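For reference, run.pdb (PDB, C-alpha atoms):
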ATOM      1  CA  MET K   1     -16.036  -1.311 -54.888
ATOM      2  CA  ARG K   2     -16.181  -4.973 -53.954
ATOM      3  CA  ARG K   3     -17.006  -5.680 -50.330
ATOM      4  CA  PRO K   4     -13.931  -6.810 -48.331
ATOM      5  CA  ARG K   5     -13.660 -10.507 -47.715
ATOM      6  CA  ARG K   6     -14.678 -11.478 -44.194
ATOM      7  CA  LEU K   7     -11.853 -12.027 -41.743
ATOM      8  CA  PRO K   8     -11.584 -15.336 -39.855
ATOM      9  CA  GLU K   9     -14.034 -15.341 -36.959
ATOM     10  CA  ASN K  10     -11.308 -15.316 -34.308
ATOM     11  CA  LEU K  11      -9.886 -12.075 -35.794
ATOM     12  CA  ALA K  12     -13.051 -10.250 -36.826
ATOM     13  CA  HIS K  13     -13.857  -8.684 -33.453
ATOM     14  CA  ARG K  14     -10.522  -8.007 -31.743
ATOM     15  CA  PRO K  15      -7.062  -6.581 -32.360
ATOM     16  CA  PHE K  16      -4.675  -9.105 -33.884
ATOM     17  CA  ALA K  17      -1.087  -9.443 -34.996
ATOM     18  CA  VAL K  18      -0.424  -9.317 -38.720
ATOM     19  CA  ARG K  19       1.641 -12.476 -38.395
ATOM     20  CA  THR K  20      -1.325 -14.285 -36.830
ATOM     21  CA  ALA K  21      -3.555 -13.293 -39.762
ATOM     22  CA  LEU K  22      -0.977 -14.321 -42.359
ATOM     23  CA  ASP K  23      -0.498 -17.671 -40.632
ATOM     24  CA  GLN K  24      -4.255 -18.225 -40.997
ATOM     25  CA  GLY K  25      -4.117 -17.595 -44.739
ATOM     26  CA  VAL K  26      -5.352 -13.992 -44.838
ATOM     27  CA  ASP K  27      -4.124 -12.207 -47.969
ATOM     28  CA  PRO K  28      -1.707  -9.313 -47.134
ATOM     29  CA  GLU K  29      -3.766  -7.036 -49.387
ATOM     30  CA  ARG K  30      -6.840  -7.729 -47.205
ATOM     31  CA  LEU K  31      -5.002  -6.212 -44.220
ATOM     32  CA  ARG K  32      -4.715  -2.877 -46.035
ATOM     33  CA  ARG K  33      -8.445  -2.388 -46.615
ATOM     34  CA  GLY K  34     -10.293   0.547 -45.050
ATOM     35  CA  ASP K  35     -12.276  -1.550 -42.577
ATOM     36  CA  ILE K  36      -9.066  -2.302 -40.665
ATOM     37  CA  THR K  37      -6.855   0.151 -38.743
ATOM     38  CA  ALA K  38      -3.246  -0.165 -37.584
ATOM     39  CA  PRO K  39      -2.611   1.200 -34.065
ATOM     40  CA  PHE K  40       0.937  -0.225 -34.146
ATOM     41  CA  VAL K  41       3.211  -1.582 -36.840
ATOM     42  CA  GLY K  42       2.398  -5.261 -37.231
ATOM     43  CA  THR K  43      -0.988  -4.895 -35.504
ATOM     44  CA  ARG K  44      -4.482  -4.544 -36.940
ATOM     45  CA  VAL K  45      -7.881  -3.706 -35.432
ATOM     46  CA  PRO K  46     -11.318  -4.011 -37.102
ATOM     47  CA  ALA K  47     -12.371  -0.388 -37.705
ATOM     48  CA  ASP K  48     -15.838  -0.929 -36.233
ATOM     49  CA  ARG K  49     -14.355  -1.850 -32.857
ATOM     50  CA  GLU K  50     -12.901   0.569 -30.302
ATOM     51  CA  PRO K  51     -10.099  -1.458 -28.728
ATOM     52  CA  THR K  52      -9.676  -1.356 -24.973
ATOM     53  CA  LEU K  53      -6.318  -0.900 -23.310
ATOM     54  CA  LEU K  54      -6.394  -4.584 -22.422
ATOM     55  CA  ASP K  55      -7.038  -5.458 -26.092
ATOM     56  CA  LEU K  56      -3.989  -3.512 -27.239
ATOM     57  CA  CYS K  57      -1.781  -4.929 -24.492
ATOM     58  CA  ALA K  58      -2.925  -8.437 -25.411
ATOM     59  CA  VAL K  59      -2.027  -8.084 -29.075
ATOM     60  CA  LEU K  60       1.351  -6.479 -28.318
ATOM     61  CA  THR K  61       2.340  -9.311 -25.991
ATOM     62  CA  GLU K  62       1.008 -11.784 -28.562
ATOM     63  CA  ARG K  63       3.358 -10.255 -31.130
ATOM     64  CA  ARG K  64       6.244 -10.130 -28.687
ATOM     65  CA  PRO K  65       5.780 -13.099 -26.314
ATOM     66  CA  GLU K  66       9.080 -12.350 -24.569
ATOM     67  CA  CYS K  67       7.648  -8.976 -23.484
ATOM     68  CA  PHE K  68       5.234  -7.907 -20.757
ATOM     69  CA  ILE K  69       3.341  -4.778 -19.663
ATOM     70  CA  SER K  70       5.031  -2.481 -17.143
ATOM     71  CA  HIS K  71       5.135   0.981 -15.532
ATOM     72  CA  ALA K  72       2.129   3.317 -16.012
ATOM     73  CA  THR K  73       0.308   0.916 -18.353
ATOM     74  CA  ALA K  74       0.565  -1.873 -15.786
ATOM     75  CA  ALA K  75      -0.754   0.534 -13.152
ATOM     76  CA  ARG K  76      -3.789   1.237 -15.353
ATOM     77  CA  LEU K  77      -4.443  -2.484 -15.866
ATOM     78  CA  HIS K  78      -4.303  -3.001 -12.099
ATOM     79  CA  GLY K  79      -6.669  -0.071 -11.513
ATOM     80  CA  LEU K  80      -4.121   1.959  -9.546
ATOM     81  CA  PRO K  81      -4.704   5.730  -9.209
ATOM     82  CA  LEU K  82      -2.460   7.706 -11.542
ATOM     83  CA  PRO K  83      -2.236  11.508 -11.761
ATOM     84  CA  ALA K  84      -4.299  13.364 -14.362
ATOM     85  CA  ARG K  85      -1.283  13.859 -16.637
ATOM     86  CA  PHE K  86      -1.380  10.144 -17.495
ATOM     87  CA  ARG K  87      -5.030  10.077 -18.560
ATOM     88  CA  ASP K  88      -4.374  11.218 -22.127
ATOM     89  CA  ASP K  89      -1.229   9.139 -22.486
ATOM     90  CA  ASP K  90      -1.868   6.653 -25.297
ATOM     91  CA  ALA K  91       1.615   5.113 -25.310
ATOM     92  CA  ILE K  92       1.866   1.589 -23.921
ATOM     93  CA  ASP K  93       4.720   0.542 -21.642
ATOM     94  CA  LEU K  94       6.198  -2.722 -22.942
ATOM     95  CA  ALA K  95       9.209  -4.317 -21.278
ATOM     96  CA  LEU K  96      11.468  -7.333 -21.352
ATOM     97  CA  PHE K  97      14.181  -8.590 -19.051
ATOM     98  CA  ASP K  98      17.856  -7.732 -19.353
ATOM     99  CA  PRO K  99      19.956  -8.230 -21.388
ATOM    100  CA  GLY K 100      17.318  -7.853 -24.108
ATOM    101  CA  ARG K 101      16.957  -4.553 -25.961
ATOM    102  CA  SER K 102      13.962  -2.329 -25.252
ATOM    103  CA  PRO K 103      11.121  -2.878 -27.752
ATOM    104  CA  ARG K 104      11.078  -0.209 -30.473
ATOM    105  CA  ILE K 105       7.536   0.153 -31.789
ATOM    106  CA  THR K 106       5.752   3.391 -32.648
ATOM    107  CA  GLY K 107       3.226   4.113 -29.890
ATOM    108  CA  VAL K 108       5.119   1.985 -27.380
ATOM    109  CA  ARG K 109       7.497   3.002 -24.582
ATOM    110  CA  GLY K 110      10.098   0.267 -24.447
ATOM    111  CA  HIS K 111      11.851  -0.783 -21.231
ATOM    112  CA  HIS K 112      14.381  -3.390 -20.212
ATOM    113  CA  LEU K 113      14.135  -4.454 -16.572
ATOM    114  CA  ASP K 114      16.246  -6.299 -14.034
ATOM    115  CA  ARG K 115      14.692  -9.668 -13.245
ATOM    116  CA  ARG K 116      15.757  -9.293  -9.583
ATOM    117  CA  TYR K 117      13.358  -6.388  -9.051
ATOM    118  CA  THR K 118      10.444  -7.561 -11.198
ATOM    119  CA  SER K 119       7.755 -10.168 -10.648
ATOM    120  CA  LEU K 120       5.025 -10.937 -13.180
ATOM    121  CA  VAL K 121       1.338 -11.809 -12.996
ATOM    122  CA  THR K 122      -1.375 -12.146 -15.629
ATOM    123  CA  VAL K 123      -4.281  -9.713 -15.988
ATOM    124  CA  GLU K 124      -6.976 -11.449 -18.016
ATOM    125  CA  GLY K 125      -4.305 -13.442 -19.799
ATOM    126  CA  VAL K 126      -1.874 -10.556 -20.386
ATOM    127  CA  ARG K 127       1.584 -10.858 -18.812
ATOM    128  CA  THR K 128       2.002  -7.817 -16.604
ATOM    129  CA  CYS K 129       4.296  -6.628 -13.831
ATOM    130  CA  SER K 130       2.841  -7.416 -10.429
ATOM    131  CA  PRO K 131       1.165  -4.573  -8.511
ATOM    132  CA  VAL K 132       4.127  -4.229  -6.116
ATOM    133  CA  SER K 133       6.698  -4.307  -8.942
ATOM    134  CA  THR K 134       4.640  -1.673 -10.752
ATOM    135  CA  TRP K 135       4.611   0.562  -7.666
ATOM    136  CA  ARG K 136       8.378   0.226  -7.440
ATOM    137  CA  GLN K 137       8.774   1.209 -11.120
ATOM    138  CA  LEU K 138       6.630   4.301 -10.572
ATOM    139  CA  ALA K 139       9.191   5.655  -8.085
ATOM    140  CA  TRP K 140      10.983   7.196 -11.096
ATOM    141  CA  MET K 141       7.782   8.738 -12.500
ATOM    142  CA  LEU K 142       5.696   9.997  -9.572
ATOM    143  CA  SER K 143       6.112  12.401  -6.693
ATOM    144  CA  ARG K 144       6.226  11.098  -3.121
ATOM    145  CA  VAL K 145       2.597  12.071  -2.543
ATOM    146  CA  GLU K 146       1.517  10.332  -5.752
ATOM    147  CA  LEU K 147       3.456   7.224  -4.718
ATOM    148  CA  VAL K 148       1.649   7.229  -1.366
ATOM    149  CA  ALA K 149      -1.733   7.258  -3.122
ATOM    150  CA  VAL K 150      -0.710   4.280  -5.277
ATOM    151  CA  GLY K 151       0.710   2.499  -2.224
ATOM    152  CA  ASP K 152      -2.528   3.062  -0.317
ATOM    153  CA  SER K 153      -4.428   1.567  -3.246
ATOM    154  CA  LEU K 154      -2.341  -1.612  -3.029
ATOM    155  CA  LEU K 155      -3.513  -1.978   0.591
ATOM    156  CA  ARG K 156      -7.091  -0.819  -0.002
ATOM    157  CA  ARG K 157      -9.869  -1.998   2.280
ATOM    158  CA  GLN K 158     -11.666  -4.062  -0.334
ATOM    159  CA  HIS K 159      -9.747  -6.527  -2.507
ATOM    160  CA  PRO K 160      -6.199  -5.393  -1.603
ATOM    161  CA  LEU K 161      -3.541  -6.156  -4.193
ATOM    162  CA  ALA K 162      -0.604  -6.587  -1.797
ATOM    163  CA  THR K 163       0.427  -6.881   1.833
ATOM    164  CA  ILE K 164       2.477  -4.451   3.843
ATOM    165  CA  ASP K 165       5.253  -7.074   4.110
ATOM    166  CA  GLN K 166       5.410  -7.426   0.317
ATOM    167  CA  MET K 167       5.738  -3.675  -0.025
ATOM    168  CA  ARG K 168       8.415  -3.512   2.653
ATOM    169  CA  SER K 169      10.404  -6.227   0.858
ATOM    170  CA  ALA K 170      10.109  -4.291  -2.401
ATOM    171  CA  VAL K 171      11.494  -1.163  -0.745
ATOM    172  CA  ASP K 172      14.316  -3.042   0.998
ATOM    173  CA  SER K 173      15.370  -4.697  -2.266
ATOM    174  CA  LEU K 174      16.204  -1.282  -3.740
ATOM    175  CA  VAL K 175      18.669  -0.163  -1.070
ATOM    176  CA  GLY K 176      21.555   1.491  -2.908
ATOM    177  CA  VAL K 177      19.575   1.787  -6.142
ATOM    178  CA  PRO K 178      18.476   5.233  -7.443
ATOM    179  CA  GLY K 179      14.862   5.841  -6.474
ATOM    180  CA  HIS K 180      15.075   3.959  -3.167
ATOM    181  CA  GLY K 181      14.914   7.109  -1.049
ATOM    182  CA  ARG K 182      11.709   8.380  -2.650
ATOM    183  CA  LEU K 183      10.048   4.970  -2.411
ATOM    184  CA  TYR K 184      11.135   4.562   1.215
ATOM    185  CA  ARG K 185       9.748   7.963   2.228
ATOM    186  CA  ALA K 186       6.474   7.188   0.452
ATOM    187  CA  PHE K 187       6.265   3.792   2.142
ATOM    188  CA  LEU K 188       6.459   5.434   5.565
ATOM    189  CA  ASP K 189       3.252   7.358   4.758
ATOM    190  CA  VAL K 190       1.304   4.459   3.211
ATOM    191  CA  ARG K 191      -1.704   3.324   5.252
ATOM    192  CA  PRO K 192      -3.900   0.242   4.756
ATOM    193  CA  GLY K 193      -7.671   0.362   4.501
ATOM    194  CA  THR K 194      -8.333   3.332   2.200
ATOM    195  CA  ASP K 195     -11.028   3.295  -0.472
ATOM    196  CA  SER K 196      -9.738   5.770  -3.067
ATOM    197  CA  GLY K 197      -6.807   7.855  -4.231
ATOM    198  CA  GLN K 198      -8.746  11.006  -3.329
ATOM    199  CA  GLU K 199      -9.001   9.850   0.289
ATOM    200  CA  SER K 200      -5.260   9.215   0.320
ATOM    201  CA  GLN K 201      -4.536  12.685  -1.059
ATOM    202  CA  LEU K 202      -6.785  14.280   1.536
ATOM    203  CA  ARG K 203      -5.135  12.375   4.372
ATOM    204  CA  ILE K 204      -1.693  13.464   3.185
ATOM    205  CA  ASP K 205      -2.861  17.081   2.932
ATOM    206  CA  LEU K 206      -4.225  16.959   6.487
ATOM    207  CA  ARG K 207      -0.949  15.582   7.820
ATOM    208  CA  SER K 208       1.061  18.143   5.811
ATOM    209  CA  ALA K 209      -1.046  20.857   7.465
ATOM    210  CA  GLY K 210       0.072  19.631  10.884
ATOM    211  CA  LEU K 211      -3.148  17.864  11.856
ATOM    212  CA  PRO K 212      -3.036  14.601  13.798
ATOM    213  CA  GLU K 213      -3.074  11.215  12.101
ATOM    214  CA  PRO K 214      -6.673  10.041  11.539
ATOM    215  CA  GLU K 215      -7.850   6.447  11.738
ATOM    216  CA  ILE K 216      -8.690   5.067   8.291
ATOM    217  CA  ASN K 217     -12.106   3.472   7.744
ATOM    218  CA  PRO K 218     -12.670   2.233  11.295
ATOM    219  CA  ALA K 219     -16.029   0.882  12.455
ATOM    220  CA  ILE K 220     -18.143   3.452  14.299
ATOM    221  CA  ARG K 221     -20.525   2.259  17.026
ATOM    222  CA  ASP K 222     -23.171   4.001  19.098
ATOM    223  CA  ALA K 223     -23.277   4.273  22.911
ATOM    224  CA  ARG K 224     -24.771   0.761  23.143
ATOM    225  CA  GLY K 225     -22.000  -0.715  21.015
ATOM    226  CA  GLU K 226     -24.214  -1.172  17.970
ATOM    227  CA  PHE K 227     -22.440  -0.901  14.632
ATOM    228  CA  ILE K 228     -23.386   2.245  12.668
ATOM    229  CA  GLY K 229     -20.995   2.108   9.736
ATOM    230  CA  TYR K 230     -17.452   2.740   8.535
ATOM    231  CA  ALA K 231     -16.063   6.277   8.342
ATOM    232  CA  ASP K 232     -13.342   7.495   5.968
ATOM    233  CA  MET K 233     -11.119   9.402   8.417
ATOM    234  CA  VAL K 234     -11.741   9.482  12.141
ATOM    235  CA  PHE K 235     -10.323  11.688  14.890
ATOM    236  CA  ARG K 236     -11.670   9.577  17.723
ATOM    237  CA  GLU K 237     -10.634  11.703  20.713
ATOM    238  CA  GLN K 238     -12.371  14.746  19.258
ATOM    239  CA  ARG K 239     -15.269  12.701  17.800
ATOM    240  CA  VAL K 240     -14.750  14.288  14.386
ATOM    241  CA  ILE K 241     -15.266  12.379  11.132
ATOM    242  CA  VAL K 242     -14.005  13.550   7.733
ATOM    243  CA  GLU K 243     -15.801  11.975   4.770
ATOM    244  CA  TYR K 244     -14.629  12.213   1.159
ATOM    245  CA  ASP K 245     -17.583  12.118  -1.252
ATOM    246  CA  GLY K 246     -16.439  10.505  -4.482
ATOM    247  CA  ASP K 247     -18.350  10.683  -7.747
ATOM    248  CA  HIS K 248     -20.344   7.537  -6.924
ATOM    249  CA  HIS K 249     -22.027   9.504  -4.137
ATOM    250  CA  ARG K 250     -23.581  11.639  -6.885
ATOM    251  CA  THR K 251     -24.268   9.058  -9.583
ATOM    252  CA  ASP K 252     -25.468   6.063  -7.550
ATOM    253  CA  LEU K 253     -28.759   7.043  -5.898
ATOM    254  CA  ASP K 254     -28.932   3.922  -3.756
ATOM    255  CA  GLN K 255     -25.413   4.514  -2.473
ATOM    256  CA  TYR K 256     -26.249   8.179  -1.913
ATOM    257  CA  ARG K 257     -29.281   7.222   0.196
ATOM    258  CA  LYS K 258     -27.215   4.790   2.292
ATOM    259  CA  ASP K 259     -24.486   7.399   2.821
ATOM    260  CA  VAL K 260     -26.961  10.068   3.947
ATOM    261  CA  ASN K 261     -28.503   7.639   6.448
ATOM    262  CA  ARG K 262     -25.064   6.601   7.708
ATOM    263  CA  LEU K 263     -23.833  10.171   8.161
ATOM    264  CA  ASN K 264     -27.046  11.162   9.930
ATOM    265  CA  ALA K 265     -26.565   8.210  12.288
ATOM    266  CA  PHE K 266     -23.010   9.387  13.023
ATOM    267  CA  GLY K 267     -24.419  12.807  13.952
ATOM    268  CA  ARG K 268     -27.047  11.327  16.280
ATOM    269  CA  ALA K 269     -24.262   9.405  18.016
ATOM    270  CA  GLY K 270     -22.436  12.654  18.812
ATOM    271  CA  TRP K 271     -19.941  12.803  15.946
ATOM    272  CA  LEU K 272     -19.257  15.967  13.956
ATOM    273  CA  VAL K 273     -19.104  15.037  10.263
ATOM    274  CA  ILE K 274     -17.204  17.237   7.789
ATOM    275  CA  ARG K 275     -17.670  16.352   4.139
ATOM    276  CA  VAL K 276     -15.091  16.968   1.407
ATOM    277  CA  ASN K 277     -15.500  16.456  -2.334
ATOM    278  CA  MET K 278     -13.697  17.060  -5.620
ATOM    279  CA  THR K 279     -14.607  20.777  -5.615
ATOM    280  CA  HIS K 280     -12.347  21.338  -2.592
ATOM    281  CA  ARG K 281      -9.221  22.141  -4.580
ATOM    282  CA  GLY K 282      -6.785  25.034  -4.664
ATOM    283  CA  PRO K 283      -7.903  27.815  -2.282
ATOM    284  CA  ASP K 284     -10.975  25.788  -1.297
ATOM    285  CA  ARG K 285      -8.667  22.992  -0.118
ATOM    286  CA  ALA K 286      -7.054  25.335   2.376
ATOM    287  CA  VAL K 287     -10.482  26.518   3.547
ATOM    288  CA  ILE K 288     -11.768  22.998   4.249
ATOM    289  CA  ILE K 289      -8.543  22.020   6.025
ATOM    290  CA  GLN K 290      -8.885  25.089   8.230
ATOM    291  CA  GLU K 291     -12.492  24.064   8.950
ATOM    292  CA  ILE K 292     -11.274  20.634  10.056
ATOM    293  CA  ARG K 293      -8.533  22.246  12.187
ATOM    294  CA  ASP K 294     -11.076  24.539  13.856
ATOM    295  CA  ALA K 295     -13.399  21.619  14.578
ATOM    296  CA  LEU K 296     -10.586  19.633  16.204
ATOM    297  CA  ILE K 297      -9.559  22.597  18.348
ATOM    298  CA  GLU K 298     -13.144  23.270  19.424
ATOM    299  CA  ARG K 299     -13.381  19.649  20.494
ATOM    300  CA  GLY K 300     -10.245  19.615  22.575
ATOM    301  CA  TRP K 301      -7.239  19.219  20.292
ATOM    302  CA  ARG K 302      -4.395  21.518  21.301
ATOM    303  CA  ALA K 303      -1.293  20.350  19.429
ATOM    304  CA  GLY K 304      -2.412  22.202  16.293
ATOM    305  CA  LEU K 305      -2.653  25.659  17.862
ATOM    306  CA  ARG K 306      -0.313  28.213  16.326
ATOM    307  CA  ILE K 307       0.973  31.177  18.291
ATOM    308  CA  SER K 308       1.029  34.313  16.166
ATOM    309  CA  GLY K 309       2.700  37.656  16.661
TER     310      GLY K 309
END
Let me see the structure of the file written as C-alpha cells.
Amino acid sequence: MRRPRRLPENLAHRPFAVRTALDQGVDPERLRRGDITAPFVGTRVPADREPTLLDLCAVLTERRPECFISHATAARLHGLPLPARFRDDDAIDLALFDPGRSPRITGVRGHHLDRRYTSLVTVEGVRTCSPVSTWRQLAWMLSRVELVAVGDSLLRRQHPLATIDQMRSAVDSLVGVPGHGRLYRAFLDVRPGTDSGQESQLRIDLRSAGLPEPEINPAIRDARGEFIGYADMVFREQRVIVEYDGDHHRTDLDQYRKDVNRLNAFGRAGWLVIRVNMTHRGPDRAVIIQEIRDALIERGWRAGLRISG
C-alpha cells in the first residue's frame, strides 16, 4: 500500500478541523487514511499523537468559533478539583450564549448560557468560562461539600484564581435563580489559603464532626518569634496542628525531607502534629477525626465534649 501523503506541517502534529485541512488543499480521501483518527465529527487527529484535553478543546472551538468551554471541562482546564466520578468522563462541555442552540456533536455536551451570568477568559488560547463562572455552573452538578472544595481552590494560597469579592458577586447575581441556595451555602464554608481539595474535604469533615474552626495555613513561629513554617490546619489555643500529606509527600523526596524537618520543628516548639493522608477514608476517617478530637480535649478544648447516657 502506498504511504500516505504527508499532511501540511501545521496539521501534522495536532488535532485539526476538517474544514481547515480542506481549505489548505488536503484531499478529502487523505483524511480517511488509517494514520488519522476522528475523535469528533469534523475533527481529525494524527494517530501517532495522544491529544490532550486542551488540544481537543482548541480544535472544537476552532471549528465553532462562536462556542467556548464550560462546566466540568472548564474546571479541568483551570485545574479545579473535581470528584472522582468526573475522571473517566471523556465528553467535552461546549457552550454558546443564548439564544443560540446547544452544540450537537457526538462526544460533546452542548450548553446554551445566559450572558449575564457568564464571563470568559482564555486558557492557552482557548476561550473558556472564567473560574468563578465555572464554579457557579457547577452548582447544578456538585454537592455542597464538593462546591466548597472547588471554591477553596479558587482562593488557594498560591496563585489564586479569584477573590472573595468576585465569588460573593457571583453568588449574589443568582438570587432567585435555581441553584442559588446550594451555591450560597457552599460560599459560607469557603475559606481562602488552602493548598488542595483534600485539605478542604478534611476541614469540612472536621467541622461536620463538631470540631472548632481551624486556621488555614498560618505561619508558625517558635518562642523567640522565629518563623518555622506554614501548617495546614491549626488549632492555636490547643497547640494542635493537623497536616494532610498529599501524594507529593511520597513522590518528591526533597519535599518529603523538608516536610519532615518542618514537622519535627513544630514538635520541638511544643505543637502536637497529627498527620492525615489518602488512606484515612471510610471507617479510618472516623478514627482519625476521633484522634483529633481527643487531642483537642486533652489540650483544653471543652466545647466538643459529649455527655452520654
query: Which residues come within 6 Å of segment 35-52 of chain K, counting all atoms listed in the file, excluding same-chain residues fewer than 6 positions away, as JSON, numbers by chain?
result: {"K": [15, 16, 17, 18]}
Segment 196-204 of chain K environment, 7 Å, all atoms listed in the file, sequence neighbours closer than 3 positions dropped, as a ChimeraX atom specification: /K:81,149,152-153,207-208,244
message: Can you tell me which residues surround Ile92 of chain K at a distance of at most 10 Å, considering all atoms listed in the file, apart from same-chain residues fewer than 6 positions away, and format the answer as an MDAnalysis selection string?
response: chainID K and resid 53 56:57 60 69:74 105:110
I'd like the box whose edges run along x, y and z of the file and which contains every listed atom of segment 231-243 of chain K, padded by 4 Å per side; could you state its centre and edge lengths in Å, one decimal, as AutoDock Vina command-line options?
--center_x -13.2 --center_y 10.5 --center_z 12.7 --size_x 13.7 --size_y 16.5 --size_z 23.9
- prompt: Rounded to one decimal in Å, what is the spacing between atom CA of Asp98 of chain K and atom CA of Cys129 of chain K?
  reply: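 Here the two named atoms are 14.7 Å from each other.
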query: So which residues touch Gly270 of chain K within 10 Å, counting all atoms listed in the file, skipping near sequence neighbours fewer than 6 positions away, as a list in words?
result: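 Listing them by chain and then by number gives Asp222, Ala223, Arg239 and Val240 of chain K.
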query: Applied to the shown file, which residues does the PyMOL selection byres ((chain K and resi 4-12) around 9) return, written as a list in words?
result: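 Answer for the PyMOL selection byres ((chain K and resi 4-12) around 9): Met1, Arg2, Arg3, His13, Arg14, Pro15, Phe16, Thr20, Ala21, Gln24, Val26, Arg30, Arg33, Gly34, Asp35, Val45 and Pro46 of chain K.
If you count all atoms listed in the file and ignore residues fewer than 6 places along the chain from Trp135 of chain K, what sits within 9 Å of it is His71, Ala75, Leu147, Val150, Gly151, Leu154, Met167 and Leu183 of chain K.
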Output C-alpha atoms for every residue in that selection, as a PDB file, in the coordinates of the input.
ATOM      1  CA  HIS K  71       5.135   0.981 -15.532  1.00  0.00           C
ATOM      2  CA  ALA K  75      -0.754   0.534 -13.152  1.00  0.00           C
ATOM      3  CA  LEU K 147       3.456   7.224  -4.718  1.00  0.00           C
ATOM      4  CA  VAL K 150      -0.710   4.280  -5.277  1.00  0.00           C
ATOM      5  CA  GLY K 151       0.710   2.499  -2.224  1.00  0.00           C
ATOM      6  CA  LEU K 154      -2.341  -1.612  -3.029  1.00  0.00           C
ATOM      7  CA  MET K 167       5.738  -3.675  -0.025  1.00  0.00           C
ATOM      8  CA  LEU K 183      10.048   4.970  -2.411  1.00  0.00           C
TER       9      LEU K 183
END
- prompt: atom CA of Pro65 of chain K and atom CA of Asp23 of chain K, how far apart in Å?
  reply: 16.3 Å
- request: For atom CA of Glu124 of chain K and atom CA of Asp55 of chain K, quote the distance in Å rounded to one decimal.
  value: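 Pair atom CA of Glu124 of chain K / atom CA of Asp55 of chain K returns 10.1 Å.
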- request: Step by step, work through what the PyMOL selection byres ((chain K and resi 236) around 10) selects in the shown file, and finish by giving those residues as number ranges by chain.
  value: K: 214-215, 218, 220, 233-235, 237-241, 271
message: Applying the PyMOL selection byres ((chain K and resi 139) around 12) to the file I just gave you, which residues come out? Please list them as an NGL selection string.
response: :K and (71-72 or 132-138 or 140-148 or 150-151 or 170-171 or 174 or 177-187)
field: Proximity to Val260 of chain K - best of K:Gly125, K:Gly282, K:His111, K:Gly229, all atoms listed in the file
entry: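 Result for the nearest residue to Val260 of chain K: K:Gly229.
Minimum atom-to-atom distances from K:Glu29, K:Leu161, K:Glu226, K:Glu62 to Ala265 of chain K were compared using only C-alpha atoms, and the lowest value belongs to K:Glu226.
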task: Select, from K:Ala269, K:Ala95, K:Leu155, K:Val175, the residue with the minimum atom-to-atom distance to Gly225 of chain K, counting only C-alpha atoms.
output: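 Using only C-alpha atoms, the shortest distance to Gly225 of chain K belongs to K:Ala269.
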message: Restricting the calculation to all atoms listed in the file: of K:Asp172, K:Pro283, K:Arg257, K:Pro212, which residue gets closest to Arg302 of chain K?
response: K:Pro212
Completed segment 155-169 of chain K (N, CA and C atoms) as a PDB file, in the coordinates of the input:
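Okay, result-v5.pdb is ready:
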ATOM      1  N   LEU K 155      -3.066  -1.462  -0.708  1.00  0.00           N
ATOM      2  CA  LEU K 155      -3.513  -1.978   0.591  1.00  0.00           C
ATOM      3  C   LEU K 155      -4.960  -1.607   0.875  1.00  0.00           C
ATOM      4  N   ARG K 156      -5.733  -1.326  -0.180  1.00  0.00           N
ATOM      5  CA  ARG K 156      -7.091  -0.819  -0.002  1.00  0.00           C
ATOM      6  C   ARG K 156      -7.955  -1.786   0.818  1.00  0.00           C
ATOM      7  N   ARG K 157      -9.005  -1.238   1.367  1.00  0.00           N
ATOM      8  CA  ARG K 157      -9.869  -1.998   2.280  1.00  0.00           C
ATOM      9  C   ARG K 157     -10.519  -3.184   1.589  1.00  0.00           C
ATOM     10  N   GLN K 158     -11.004  -2.990   0.385  1.00  0.00           N
ATOM     11  CA  GLN K 158     -11.666  -4.062  -0.334  1.00  0.00           C
ATOM     12  C   GLN K 158     -10.771  -4.576  -1.457  1.00  0.00           C
ATOM     13  N   HIS K 159     -10.556  -5.870  -1.476  1.00  0.00           N
ATOM     14  CA  HIS K 159      -9.747  -6.527  -2.507  1.00  0.00           C
ATOM     15  C   HIS K 159      -8.344  -5.927  -2.609  1.00  0.00           C
ATOM     16  N   PRO K 160      -7.574  -5.921  -1.524  1.00  0.00           N
ATOM     17  CA  PRO K 160      -6.199  -5.393  -1.603  1.00  0.00           C
ATOM     18  C   PRO K 160      -5.362  -6.204  -2.584  1.00  0.00           C
ATOM     19  N   LEU K 161      -4.386  -5.533  -3.182  1.00  0.00           N
ATOM     20  CA  LEU K 161      -3.541  -6.156  -4.193  1.00  0.00           C
ATOM     21  C   LEU K 161      -2.196  -6.598  -3.636  1.00  0.00           C
ATOM     22  N   ALA K 162      -1.903  -6.255  -2.382  1.00  0.00           N
ATOM     23  CA  ALA K 162      -0.604  -6.587  -1.797  1.00  0.00           C
ATOM     24  C   ALA K 162      -0.731  -6.566  -0.280  1.00  0.00           C
ATOM     25  N   THR K 163       0.334  -6.972   0.377  1.00  0.00           N
ATOM     26  CA  THR K 163       0.427  -6.881   1.833  1.00  0.00           C
ATOM     27  C   THR K 163       1.512  -5.880   2.186  1.00  0.00           C
ATOM     28  N   ILE K 164       1.464  -5.410   3.405  1.00  0.00           N
ATOM     29  CA  ILE K 164       2.477  -4.451   3.843  1.00  0.00           C
ATOM     30  C   ILE K 164       3.868  -5.082   3.827  1.00  0.00           C
ATOM     31  N   ASP K 165       3.961  -6.396   4.125  1.00  0.00           N
ATOM     32  CA  ASP K 165       5.253  -7.074   4.110  1.00  0.00           C
ATOM     33  C   ASP K 165       5.811  -7.160   2.693  1.00  0.00           C
ATOM     34  N   GLN K 166       4.950  -7.399   1.709  1.00  0.00           N
ATOM     35  CA  GLN K 166       5.410  -7.426   0.317  1.00  0.00           C
ATOM     36  C   GLN K 166       5.947  -6.064  -0.105  1.00  0.00           C
ATOM     37  N   MET K 167       5.276  -5.012   0.329  1.00  0.00           N
ATOM     38  CA  MET K 167       5.738  -3.675  -0.025  1.00  0.00           C
ATOM     39  C   MET K 167       7.046  -3.350   0.675  1.00  0.00           C
ATOM     40  N   ARG K 168       7.163  -3.757   1.917  1.00  0.00           N
ATOM     41  CA  ARG K 168       8.415  -3.512   2.653  1.00  0.00           C
ATOM     42  C   ARG K 168       9.574  -4.240   1.980  1.00  0.00           C
ATOM     43  N   SER K 169       9.352  -5.470   1.555  1.00  0.00           N
ATOM     44  CA  SER K 169      10.404  -6.227   0.858  1.00  0.00           C
ATOM     45  C   SER K 169      10.807  -5.547  -0.440  1.00  0.00           C
TER      46      SER K 169
END
